[in-house]
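S.K.: Sharing work-v9.pdb, PDB, C-alpha atoms:
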```pdb
MODEL        1
ATOM      1  CA  MET A   1      76.605  34.940 -68.432
ATOM      2  CA  LYS A   2      76.025  32.026 -66.090
ATOM      3  CA  LYS A   3      72.546  31.872 -64.555
ATOM      4  CA  VAL A   4      71.982  30.466 -61.059
ATOM      5  CA  ALA A   5      68.599  29.365 -59.739
ATOM      6  CA  VAL A   6      67.987  30.154 -56.054
ATOM      7  CA  ILE A   7      65.170  28.283 -54.302
ATOM      8  CA  LEU A   8      63.770  30.219 -51.342
ATOM      9  CA  SER A   9      61.507  28.822 -48.620
ATOM     10  CA  GLY A  10      59.784  31.920 -47.241
ATOM     11  CA  CYS A  11      61.168  34.941 -45.415
ATOM     12  CA  GLY A  12      62.579  34.649 -41.910
ATOM     13  CA  VAL A  13      64.843  32.204 -40.101
ATOM     14  CA  TYR A  14      62.198  30.484 -37.965
ATOM     15  CA  ASP A  15      59.630  29.700 -40.656
ATOM     16  CA  GLY A  16      61.237  30.503 -44.015
ATOM     17  CA  ALA A  17      64.519  31.235 -45.737
ATOM     18  CA  GLU A  18      67.257  32.736 -43.565
ATOM     19  CA  ILE A  19      67.444  36.345 -44.706
ATOM     20  CA  TYR A  20      71.173  36.986 -44.282
ATOM     21  CA  GLU A  21      72.058  33.705 -45.989
ATOM     22  CA  SER A  22      69.725  34.483 -48.891
ATOM     23  CA  VAL A  23      70.965  38.046 -49.404
ATOM     24  CA  LEU A  24      74.615  37.029 -49.127
ATOM     25  CA  THR A  25      73.981  34.303 -51.695
ATOM     26  CA  LEU A  26      72.461  36.764 -54.152
ATOM     27  CA  LEU A  27      75.269  39.255 -53.532
ATOM     28  CA  SER A  28      77.953  36.623 -54.042
ATOM     29  CA  ILE A  29      76.374  35.411 -57.276
ATOM     30  CA  ALA A  30      76.434  38.977 -58.611
ATOM     31  CA  GLU A  31      80.027  39.463 -57.448
ATOM     32  CA  ASN A  32      80.935  36.370 -59.465
ATOM     33  CA  GLY A  33      79.572  38.026 -62.601
ATOM     34  CA  ALA A  34      76.635  35.629 -62.762
ATOM     35  CA  GLU A  35      72.884  36.199 -62.836
ATOM     36  CA  SER A  36      70.424  34.856 -60.258
ATOM     37  CA  GLN A  37      66.754  33.954 -60.488
ATOM     38  CA  CYS A  38      64.812  33.425 -57.272
ATOM     39  CA  MET A  39      62.001  30.883 -57.207
ATOM     40  CA  ALA A  40      59.853  29.202 -54.577
ATOM     41  CA  PRO A  41      57.057  26.647 -54.318
ATOM     42  CA  ASN A  42      53.564  28.143 -54.355
ATOM     43  CA  ILE A  43      52.424  26.433 -51.139
ATOM     44  CA  GLU A  44      51.350  27.376 -47.638
ATOM     45  CA  GLN A  45      54.025  27.523 -44.940
ATOM     46  CA  MET A  46      54.008  24.804 -42.297
ATOM     47  CA  HIS A  47      53.249  27.576 -39.787
ATOM     48  CA  VAL A  48      53.987  31.225 -39.096
ATOM     49  CA  VAL A  49      56.405  32.236 -36.336
ATOM     50  CA  ASN A  50      56.454  35.603 -34.595
ATOM     51  CA  HIS A  51      60.126  36.482 -34.995
ATOM     52  CA  LEU A  52      59.965  38.904 -32.060
ATOM     53  CA  THR A  53      58.918  36.237 -29.568
ATOM     54  CA  GLY A  54      59.994  33.090 -31.384
ATOM     55  CA  GLU A  55      56.534  31.624 -30.819
ATOM     56  CA  PRO A  56      54.105  30.325 -33.490
ATOM     57  CA  SER A  57      51.330  32.744 -34.439
ATOM     58  CA  GLU A  58      47.996  31.038 -33.872
ATOM     59  CA  GLY A  59      45.473  31.271 -36.688
ATOM     60  CA  GLU A  60      47.857  32.919 -39.155
ATOM     61  CA  SER A  61      48.882  31.445 -42.493
ATOM     62  CA  ARG A  62      51.322  32.622 -45.151
ATOM     63  CA  ASN A  63      52.310  31.503 -48.632
ATOM     64  CA  VAL A  64      55.918  30.464 -49.297
ATOM     65  CA  LEU A  65      56.080  32.101 -52.732
ATOM     66  CA  VAL A  66      54.491  35.347 -51.523
ATOM     67  CA  GLU A  67      56.795  35.566 -48.512
ATOM     68  CA  SER A  68      59.877  34.704 -50.595
ATOM     69  CA  ALA A  69      58.988  37.597 -52.908
ATOM     70  CA  ARG A  70      59.877  39.932 -50.019
ATOM     71  CA  LEU A  71      63.457  38.669 -50.142
ATOM     72  CA  ALA A  72      63.600  38.731 -53.923
ATOM     73  CA  ARG A  73      62.219  42.284 -54.166
ATOM     74  CA  GLY A  74      59.424  40.841 -56.260
ATOM     75  CA  GLU A  75      61.802  39.305 -58.817
ATOM     76  CA  ILE A  76      60.687  35.724 -58.306
ATOM     77  CA  ILE A  77      58.878  32.937 -60.128
ATOM     78  CA  ASP A  78      56.754  29.958 -59.141
ATOM     79  CA  LEU A  79      59.046  26.923 -58.936
ATOM     80  CA  THR A  80      56.609  24.877 -61.030
ATOM     81  CA  THR A  81      57.102  27.271 -63.974
ATOM     82  CA  ALA A  82      60.909  27.191 -63.848
ATOM     83  CA  ASN A  83      62.700  25.315 -66.631
ATOM     84  CA  PRO A  84      65.878  23.622 -65.331
ATOM     85  CA  ALA A  85      67.411  23.872 -68.805
ATOM     86  CA  ASP A  86      67.526  27.657 -68.407
ATOM     87  CA  TYR A  87      70.004  27.479 -65.497
ATOM     88  CA  ASP A  88      73.644  26.562 -65.050
ATOM     89  CA  ALA A  89      73.487  25.853 -61.307
ATOM     90  CA  LEU A  90      71.225  25.826 -58.244
ATOM     91  CA  ILE A  91      71.695  27.139 -54.701
ATOM     92  CA  ILE A  92      69.338  26.567 -51.761
ATOM     93  CA  PRO A  93      69.846  28.836 -48.710
ATOM     94  CA  GLY A  94      68.977  27.602 -45.245
ATOM     95  CA  GLY A  95      66.619  28.759 -42.539
ATOM     96  CA  PHE A  96      63.968  26.545 -40.950
ATOM     97  CA  GLY A  97      61.889  26.934 -44.115
ATOM     98  CA  ALA A  98      64.184  24.383 -45.767
ATOM     99  CA  ALA A  99      63.216  21.904 -43.040
ATOM    100  CA  LYS A 100      59.566  22.981 -42.724
ATOM    101  CA  ASN A 101      58.427  24.068 -46.193
ATOM    102  CA  LEU A 102      60.822  22.580 -48.748
ATOM    103  CA  SER A 103      60.877  19.391 -46.681
ATOM    104  CA  ASP A 104      59.401  18.187 -43.396
ATOM    105  CA  PHE A 105      62.729  17.314 -41.749
ATOM    106  CA  ALA A 106      61.883  19.561 -38.776
ATOM    107  CA  LEU A 107      58.841  17.389 -38.044
ATOM    108  CA  ASN A 108      59.862  13.917 -39.171
ATOM    109  CA  GLY A 109      63.658  13.835 -39.055
ATOM    110  CA  SER A 110      65.088  10.860 -40.927
ATOM    111  CA  ASN A 111      61.581   9.869 -42.060
ATOM    112  CA  CYS A 112      61.166  13.170 -43.882
ATOM    113  CA  GLN A 113      60.077  13.839 -47.423
ATOM    114  CA  VAL A 114      61.020  16.654 -49.787
ATOM    115  CA  ASN A 115      58.474  18.766 -51.668
ATOM    116  CA  PRO A 116      58.018  17.045 -55.057
ATOM    117  CA  ASP A 117      58.558  20.241 -57.054
ATOM    118  CA  VAL A 118      61.851  20.828 -55.219
ATOM    119  CA  VAL A 119      62.849  17.230 -55.965
ATOM    120  CA  ALA A 120      61.933  17.491 -59.649
ATOM    121  CA  PHE A 121      63.775  20.768 -60.258
ATOM    122  CA  THR A 122      66.858  19.877 -58.210
ATOM    123  CA  GLN A 123      67.240  16.432 -59.738
ATOM    124  CA  ALA A 124      66.820  17.845 -63.236
ATOM    125  CA  ILE A 125      69.680  20.273 -62.553
ATOM    126  CA  HIS A 126      71.761  17.497 -61.009
ATOM    127  CA  ASN A 127      71.072  14.925 -63.733
ATOM    128  CA  ALA A 128      72.226  17.461 -66.318
ATOM    129  CA  GLY A 129      75.625  17.534 -64.607
ATOM    130  CA  LYS A 130      75.143  20.992 -63.134
ATOM    131  CA  PRO A 131      76.319  21.909 -59.605
ATOM    132  CA  VAL A 132      74.042  22.383 -56.590
ATOM    133  CA  GLY A 133      74.916  24.303 -53.408
ATOM    134  CA  LEU A 134      73.055  23.966 -50.112
ATOM    135  CA  MET A 135      73.692  25.717 -46.809
ATOM    136  CA  CYS A 136      72.728  25.614 -43.135
ATOM    137  CA  ILE A 137      70.009  22.969 -42.571
ATOM    138  CA  ALA A 138      69.179  22.632 -46.302
ATOM    139  CA  PRO A 139      71.768  19.808 -46.682
ATOM    140  CA  ALA A 140      69.374  17.656 -44.633
ATOM    141  CA  MET A 141      67.683  17.042 -47.981
ATOM    142  CA  THR A 142      70.841  15.852 -49.760
ATOM    143  CA  PRO A 143      70.405  12.053 -49.363
ATOM    144  CA  LEU A 144      66.879  12.260 -50.775
ATOM    145  CA  LEU A 145      67.971  14.529 -53.614
ATOM    146  CA  PHE A 146      71.308  12.999 -54.638
ATOM    147  CA  GLY A 147      71.417   9.458 -53.242
ATOM    148  CA  ASP A 148      73.259   7.426 -50.638
ATOM    149  CA  SER A 149      76.763   8.301 -51.792
ATOM    150  CA  VAL A 150      76.548  12.083 -51.280
ATOM    151  CA  ASN A 151      79.099  13.871 -49.078
ATOM    152  CA  PHE A 152      77.718  16.862 -47.192
ATOM    153  CA  THR A 153      77.971  19.000 -44.059
ATOM    154  CA  ILE A 154      75.655  20.748 -41.634
ATOM    155  CA  GLY A 155      78.576  21.730 -39.415
ATOM    156  CA  THR A 156      79.506  19.746 -36.328
ATOM    157  CA  ASP A 157      76.243  18.791 -34.575
ATOM    158  CA  PRO A 158      76.370  14.988 -34.162
ATOM    159  CA  GLU A 159      72.640  14.485 -33.530
ATOM    160  CA  THR A 160      71.497  16.326 -36.655
ATOM    161  CA  ALA A 161      74.295  14.808 -38.733
ATOM    162  CA  GLY A 162      73.370  11.329 -37.503
ATOM    163  CA  ALA A 163      69.710  11.786 -38.399
ATOM    164  CA  ILE A 164      70.656  12.801 -41.936
ATOM    165  CA  GLU A 165      73.245  10.037 -42.317
ATOM    166  CA  SER A 166      70.588   7.463 -41.381
ATOM    167  CA  MET A 167      68.863   8.526 -44.622
ATOM    168  CA  GLY A 168      72.090   8.026 -46.586
ATOM    169  CA  GLY A 169      75.213   9.963 -47.421
ATOM    170  CA  THR A 170      78.321  10.820 -45.428
ATOM    171  CA  HIS A 171      78.549  13.808 -43.096
ATOM    172  CA  ASN A 172      81.799  15.751 -42.903
ATOM    173  CA  ASN A 173      82.495  18.002 -39.935
ATOM    174  CA  CYS A 174      83.159  21.496 -41.218
ATOM    175  CA  SER A 175      83.905  24.904 -39.725
ATOM    176  CA  VAL A 176      81.629  27.834 -40.473
ATOM    177  CA  ASP A 177      84.034  29.471 -42.927
ATOM    178  CA  GLN A 178      84.667  26.335 -44.994
ATOM    179  CA  ILE A 179      82.798  24.197 -47.509
ATOM    180  CA  VAL A 180      82.472  20.502 -48.306
ATOM    181  CA  ILE A 181      82.684  19.622 -52.004
ATOM    182  CA  ASP A 182      81.393  16.367 -53.426
ATOM    183  CA  GLU A 183      83.388  16.478 -56.638
ATOM    184  CA  THR A 184      81.670  13.435 -58.141
ATOM    185  CA  LEU A 185      78.101  14.621 -57.607
ATOM    186  CA  LYS A 186      78.913  18.348 -57.888
ATOM    187  CA  VAL A 187      77.247  19.116 -54.546
ATOM    188  CA  VAL A 188      78.666  21.899 -52.347
ATOM    189  CA  THR A 189      77.570  22.505 -48.737
ATOM    190  CA  THR A 190      78.482  24.891 -45.899
ATOM    191  CA  PRO A 191      77.237  25.195 -42.280
ATOM    192  CA  ALA A 192      76.297  28.910 -42.302
ATOM    193  CA  TYR A 193      74.032  29.648 -39.317
ATOM    194  CA  MET A 194      74.190  26.057 -38.079
ATOM    195  CA  LEU A 195      77.462  27.304 -36.579
ATOM    196  CA  ALA A 196      77.834  31.019 -37.202
ATOM    197  CA  GLY A 197      77.923  33.560 -34.423
ATOM    198  CA  SER A 198      78.000  36.565 -36.722
ATOM    199  CA  ILE A 199      77.086  37.672 -40.222
ATOM    200  CA  THR A 200      80.771  37.948 -41.126
ATOM    201  CA  GLU A 201      81.283  34.258 -40.308
ATOM    202  CA  VAL A 202      78.269  33.366 -42.462
ATOM    203  CA  ALA A 203      79.581  35.485 -45.332
ATOM    204  CA  ALA A 204      82.931  33.688 -45.406
ATOM    205  CA  GLY A 205      81.437  30.241 -45.984
ATOM    206  CA  ILE A 206      78.723  31.409 -48.368
ATOM    207  CA  ARG A 207      81.200  33.264 -50.557
ATOM    208  CA  LYS A 208      83.310  30.113 -50.844
ATOM    209  CA  LEU A 209      80.226  28.047 -51.667
ATOM    210  CA  VAL A 210      79.018  30.444 -54.351
ATOM    211  CA  ASP A 211      82.534  30.805 -55.804
ATOM    212  CA  GLN A 212      82.785  27.015 -56.088
ATOM    213  CA  VAL A 213      79.285  26.517 -57.538
ATOM    214  CA  VAL A 214      79.811  29.205 -60.183
ATOM    215  CA  LYS A 215      83.246  27.792 -61.002
ATOM    216  CA  MET A 216      81.790  24.295 -61.473
ATOM    217  CA  ALA A 217      78.887  25.579 -63.606
TER
ENDMDL
END
```
Would it be possible to restate this file's structure as structure tokens?

M.R.:
Amino acid sequence: MKKVAVILSGCGVYDGAEIYESVLTLLSIAENGAESQCMAPNIEQMHVVNHLTGEPSEGESRNVLVESARLARGEIIDLTTANPADYDALIIPGGFGAAKNLSDFALNGSNCQVNPDVVAFTQAIHNAGKPVGLMCIAPAMTPLLFGDSVNFTIGTDPETAGAIESMGGTHNNCSVDQIVIDETLKVVTTPAYMLAGSITEVAAGIRKLVDQVVKMA
């Protein structure tokens, strides 16, 4: 049975992993007859956002691994303990956590950096010739993870796409229910909630992404 690593970035769209995207990813992996293993960096979140008001919560801190465990129903491991050799593929759901906790793209844009443990694990998967899928804003990390030649999508937003392209790579406009496949680098991306207006629209693109990643594994 193929085994897919899933890197989460917290729990909640504004400060962690996008919940619908994460759950749909796990569901789609299972529907493909594959096994998933959630993992997350054991670090503090950039900040905590009150998802009722959309405003940051002053004086509150949360841990990315602990929060991600909510999504994984406790079935999660510290990213630093994960062995890339144990997995056939990797998928990274979106949510602002990808741009705040896994990287600092939300703060620094094209001058961003990616968490070193995320870099090490992802590049180990990639260098072994295994496929990687990223969705929503997570593809902002692709030039730093896979190099200047990567093809990716975050949807159709020219400002965000331009900021990422200034780091390297080529952006491809893409509708919410489609995917962009870099056949050479085995990188698959989809816009998800960068474009979606409903959970059904998100599901269409994520299912195609997971189908492709599992097929390439």

S.K.: Once the PyMOL selection byres ((chain A and resi 42-49) around 10) has been evaluated on this model, what residues remain selected, and can you format them as JSON, numbers by chain?

M.R.: {"A": [9, 10, 12, 13, 14, 15, 16, 39, 40, 41, 50, 51, 52, 53, 54, 55, 56, 57, 58, 59, 60, 61, 62, 63, 64, 65, 66, 67, 68, 77, 78, 79, 80, 97, 99, 100, 101, 102, 103, 104, 107, 115, 117]}

S.K.: Which residue out of A:Leu185, A:Ser110, A:Leu144, A:Asp177 has the minimum interatomic distance to Gly162 of chain A when all atoms listed in the file are used?

M.R.: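 Ranking A:Leu185, A:Ser110, A:Leu144, A:Asp177 by distance to Gly162 of chain A, first place goes to A:Ser110.
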
S.K.: Any chance you could work out the axis-aligned box around segment 109-116 of chain A, listed atoms only, 3 Å on each side, giving centre and edge lengths in Å to one decimal, as lines of an AutoDock Vina configuration file?

M.R.:
```
center_x = 61.6
center_y = 14.3
center_z = -47.1
size_x = 13.1
size_y = 14.9
size_z = 22.0
```

S.K.: Between A:Ala89, A:Val214, A:Leu145, A:Val202, which one has atoms that come closest to Val23 of chain A, using all atoms listed in the file?

M.R.: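 Residue with the minimum atom-to-atom distance to Val23 of chain A: A:Val202.
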
S.K.: Would you kindly return, as a PyMOL selection string, each protein, DNA or RNA residue with an atom no farther than 9 Å from any atom of Gly129 of chain A, considering all atoms listed in the file and excluding same-chain residues fewer than 4 positions away?

M.R.: chain A and resi 124-125+185-186+217

S.K.: Can you measure atom CA of Ser22 of chain A to atom CA of Leu71 of chain A for me? One decimal in Å is fine.

M.R.: 7.6 Å

S.K.: Expand the PyMOL selection byres ((chain A and resi 35) around 12) into the explicit residue set it covers here, and present it as a compact mmCIF listing (two decimals) with C-alpha atoms, in the frame of the given file.

M.R.:
```txt
# COMPACT_ATOMS: atom_id res chain seq x y z
CA MET A 1 76.60 34.94 -68.43
CA LYS A 2 76.03 32.03 -66.09
CA LYS A 3 72.55 31.87 -64.56
CA VAL A 4 71.98 30.47 -61.06
CA ALA A 5 68.60 29.36 -59.74
CA VAL A 6 67.99 30.15 -56.05
CA THR A 25 73.98 34.30 -51.70
CA LEU A 26 72.46 36.76 -54.15
CA LEU A 27 75.27 39.26 -53.53
CA SER A 28 77.95 36.62 -54.04
CA ILE A 29 76.37 35.41 -57.28
CA ALA A 30 76.43 38.98 -58.61
CA GLU A 31 80.03 39.46 -57.45
CA ASN A 32 80.94 36.37 -59.46
CA GLY A 33 79.57 38.03 -62.60
CA ALA A 34 76.64 35.63 -62.76
CA SER A 36 70.42 34.86 -60.26
CA GLN A 37 66.75 33.95 -60.49
CA CYS A 38 64.81 33.42 -57.27
CA ASP A 86 67.53 27.66 -68.41
CA TYR A 87 70.00 27.48 -65.50
CA ASP A 88 73.64 26.56 -65.05
CA ALA A 89 73.49 25.85 -61.31
CA LEU A 90 71.22 25.83 -58.24
CA VAL A 210 79.02 30.44 -54.35
CA VAL A 214 79.81 29.20 -60.18
```

S.K.: Taking only C-alpha atoms into account, which of A:Pro143, A:Pro84, A:Pro158, A:Gly197 comes nearest Lys130 of chain A?

M.R.: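 Distance minimum relative to Lys130 of chain A lands on A:Pro84.
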